[in-house]
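Read the structure below first, then the notes.
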Amino acid sequence: MLDLVIRNGFIVDGSGLPGRNGDVSIKGGKVVSVGGRAGEAQRVIDATGRVVAPGFIDPHTHYDAQLCFDPYAFPAIEHGVTTVVPGNCSLSLAPLRIDQRDSFSRMFRLIEEMPEAAFDAGVDWRWGEGFGGWLDALEQNIALNVAPLVGHSVLRMYVMGPEAQSRAADAAEIRAMADLLRVCLDAGAVGLSTSFVDIDEHYRPVPSRWAAPAELDALSAVLGERDAVLQIVHEFYDTELTIARIEHLAELSLRHGITTTLSPLFHTNGNNTGVQRVMAAVEAARARGAAVWPQVQTRPIDISFTLEQRSLMLLTMPAWWKVASIRDHAEKLAAVAAGRDALVAEMNAMSRRPNGGLGAGGFVVREVVHARNNDLIGRNIDDIARERGTSHGDTVVDLALDEDLGTWFIRASIGHDNSPVVGDLLAHPFVHVGASDGGAHVGSFSTFGDTGYLFSEFVRGTKSLSLEAAVKKITLDPASIWGLKGRGLLAAGNAADVVVFDADHIGRGPEIASNDFPGEGVRWIRRQEGVDSVVVNGEVTWSADAGYAPEARAGVIATRD
């Protein structure tokens, strides 16, 4: 008898071919048959009127720390995601020496915006120092598949110690990093991540940014030996630097026979010409035979911030960053009063300038402390300022002080301000849908909802992609790019990663403030609508009716071919 049959669904198998009606049968964690009428099973999911598709694959996440205490990577699974790629932006939890944990933790918490209490309470370092130990510990308790990257910055830290953040590596150190990368790849890493933009809590470039070209070339040679992927965070705010990175990636791809991908690429009306030039550079690289994949998010970004905690939103505003970094609340209040003029000036300047090619967005009141201010929730700061006869910056500071610094503000809808053009970009055959950043920016970015937004905005809305093309973009395409054998396609013998959803209603759900992290700190979570059931390696892991299956732990470390 079969373990599970998903019956009477509209099967969109991930290939991009037209969907068809029928059943999907599963046994032993594998797909047995696709289409037709399946036999009897221990469990049946009625998918009448629903789409049955491969589980979605998210290629740019930061669930590294969260997976240590949350096997479901909440809320990824309820978004239809069955495989995630953590270890991005040059940061992974291993390999890391014991005496480097504190400095790494500070860097990780800043860049990925995870509250200190949550990180320290949730990450117990039980695996020791090695990458293989981390994967072994992880696989004992995960409910979705993990295809991990190893971070370039941690390779440098492991080999060079504190000097990783002050100089280029010498020849012996480069050889040691190459050897360490081989160990990580053999243990299960699917590739290497590096960053050309990130900084630490002291405004210093992360270790990967100190690497000379010869170092990345040597590491890319190792990736070529192991048929692994290079993923980078490029200077997305600058068109010329982005094009230069694409040309660099093309050279590495051709020289070492590797797949490369860069994230993120945003489109706004203000940088339309720049995006066209970037895509022309990608097309030129592909014409030469290079495998270069730009990653495009489906959704605009919402960035939240409060003076109660540090946020990347404030990183380019020194006065705000200094105040937000103060731990003692009374001291922080005094600093706001004393530094008011600088705070107001920086906020006024921020409100007037585009966010480096991402578009200006709008500042909105997201959450208040006092009921007397409830009528301000959802209102634009500029509108409130006009009513009060004050500046933008004065209004933000006044409201923060009135609420004992507890007000949450949001800079809404940054980037992607022209959906038809963004839809054309997403439909481009060389564009890789990704860069969700799930698991990061837990106090500020709204980092979930890419999959639902793809269908609601660009399948049902602009009609830029067919249902079948959209499914392929987040299933077979990433599985092929990342070499995840047996995933991304509903076919006999493949892993039974399946999502059942309502094509007419799948979309971004409401956003909630969640306190479910260990320790203290609020994070903003975007729920999903329209997903009925999610199956991971044959096990029903989440359903709209029952929620998360308490004992579901069918996730595995998903390695390359």
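We name chains A, B, ... following the order of the structure tokens; residues begin at 1 in each chain, and ligands are numbered from 1 as shown.
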10 Å contact set for A:Leu314, only C-alpha atoms, chain neighbours under 4 positions out, as a PDB file with C-alpha atoms, in the first residue's frame:
```pdb
ATOM      1  CA  PHE A 305      13.010  50.195  12.680  1.00  0.00           C
ATOM      2  CA  THR A 306      12.709  51.329  16.263  1.00  0.00           C
ATOM      3  CA  LEU A 307      15.119  53.083  18.569  1.00  0.00           C
ATOM      4  CA  ARG A 310      19.735  48.474  16.074  1.00  0.00           C
ATOM      5  CA  PRO A 318      25.595  57.718  12.486  1.00  0.00           C
ATOM      6  CA  ALA A 319      23.598  59.673  15.079  1.00  0.00           C
ATOM      7  CA  TRP A 320      20.675  57.215  14.936  1.00  0.00           C
ATOM      8  CA  TRP A 321      23.005  54.207  14.950  1.00  0.00           C
ATOM      9  CA  LYS A 322      24.850  55.526  18.004  1.00  0.00           C
ATOM     10  CA  VAL A 323      21.623  56.053  19.936  1.00  0.00           C
ATOM     11  CA  ALA A 324      20.131  52.687  18.911  1.00  0.00           C
ATOM     12  CA  GLU A 346      19.797  62.788   9.458  1.00  0.00           C
ATOM     13  CA  MET A 347      16.177  61.659   9.272  1.00  0.00           C
ATOM     14  CA  MET A 350      17.164  60.110   4.627  1.00  0.00           C
TER      15      MET A 350
END
```
Next on the checklist: If DSSP is run on the backbone, what residues of stretch 287-505 of chain A are helix (DSSP H, G or I)? A reply as an NGL selection string would be ideal.
Outcome noted: :A and (287 or 312-314 or 318-324 or 329-338 or 340-352 or 371-376 or 381-388 or 392-402 or 419-427 or 450-458 or 467-473 or 476-481)
Checklist entry - Hey, what's within 10 Å of A:Val146 if we count only C-alpha atoms and toss same-chain stuff fewer than 6 positions away? As a list in words, please? => result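 Answer for this query is Ile57, Asp58, Tyr63, Asp64, Leu67, Thr82, Thr83, Val84, Val85, Pro86, Leu135, Leu138, Glu139, Gly188, Ala189, Val190, Gly555, Val556, Ile557, Ala558 and Thr559 of chain A.
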Item to check | strand (DSSP E) positions in stretch 307-408 of chain A, given as a list in words | outcome: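 The strand (DSSP E) subset of stretch 307-408 of chain A is Gly362, Phe363, Val364, Val365, Arg366, Glu367 and Trp408 of chain A.
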Atoms kept (C-alpha atoms) for selection, written as a PDB file, in the first residue's frame:
```
ATOM      1  CA  GLY A 362       7.670  55.929   2.189  1.00  0.00           C
ATOM      2  CA  PHE A 363       7.997  56.253   5.986  1.00  0.00           C
ATOM      3  CA  VAL A 364       4.938  54.955   7.812  1.00  0.00           C
ATOM      4  CA  VAL A 365       3.965  54.378  11.457  1.00  0.00           C
ATOM      5  CA  ARG A 366       3.831  50.615  11.927  1.00  0.00           C
ATOM      6  CA  GLU A 367       3.112  50.033  15.610  1.00  0.00           C
ATOM      7  CA  TRP A 408       7.920  50.994  15.207  1.00  0.00           C
TER       8      TRP A 408
END
```
Item to check | Gap from atom CA of A:Tyr72 to atom CA of A:Pro550 - Å, one decimal | outcome: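 So the two atoms, atom CA of A:Tyr72 and atom CA of A:Pro550, lie 9.9 Å apart.
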Checklist entry - atom CA of A:Gly483 to atom CA of A:Ile258: how many Å, to one decimal? => result 11.3 Å
Checklist outcome for this item: Judged by only C-alpha atoms, the minimum distance to A:Val499 among A:Met1, A:Met160, A:Val24, A:Leu262 is found for A:Val24
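Among the candidate residues A:Arg209, A:Arg226, A:Lys30, A:His202, the one lying nearest to A:Val498 is A:Lys30, with distances computed using only C-alpha atoms.
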Next on the checklist: Rounded to one decimal, what separation in Å do you get between atom CA of A:Ala281 and atom CA of A:Arg245?
Outcome noted: 9.9 Å
Next on the checklist: Would you pick out the contacts of A:Gly274 at 9 Å or less, using only C-alpha atoms, so that residues sharing its chain but fewer than 5 positions from it are not included, and give the list as a ChimeraX atom specification?
Outcome noted: /A:238-240,267,279
Please, could you write that set of residues out with N, CA and C atoms as an mmCIF file, in the first residue's frame?
```
data_model
loop_
_atom_site.group_PDB
_atom_site.id
_atom_site.type_symbol
_atom_site.label_atom_id
_atom_site.label_comp_id
_atom_site.auth_asym_id
_atom_site.auth_seq_id
_atom_site.Cartn_x
_atom_site.Cartn_y
_atom_site.Cartn_z
ATOM 1 N N ASP A 238 25.107 50.094 -7.157
ATOM 2 C CA ASP A 238 25.922 50.782 -8.158
ATOM 3 C C ASP A 238 25.959 49.960 -9.441
ATOM 4 N N THR A 239 25.443 50.525 -10.519
ATOM 5 C CA THR A 239 25.353 49.795 -11.785
ATOM 6 C C THR A 239 26.726 49.427 -12.320
ATOM 7 N N GLU A 240 27.677 50.366 -12.279
ATOM 8 C CA GLU A 240 28.999 50.102 -12.853
ATOM 9 C C GLU A 240 29.698 48.977 -12.095
ATOM 10 N N HIS A 267 14.677 46.350 -9.435
ATOM 11 C CA HIS A 267 14.272 47.288 -10.476
ATOM 12 C C HIS A 267 13.403 48.380 -9.877
ATOM 13 N N MET A 279 21.447 43.504 -17.277
ATOM 14 C CA MET A 279 20.978 42.311 -17.984
ATOM 15 C C MET A 279 21.700 42.130 -19.314
#
```
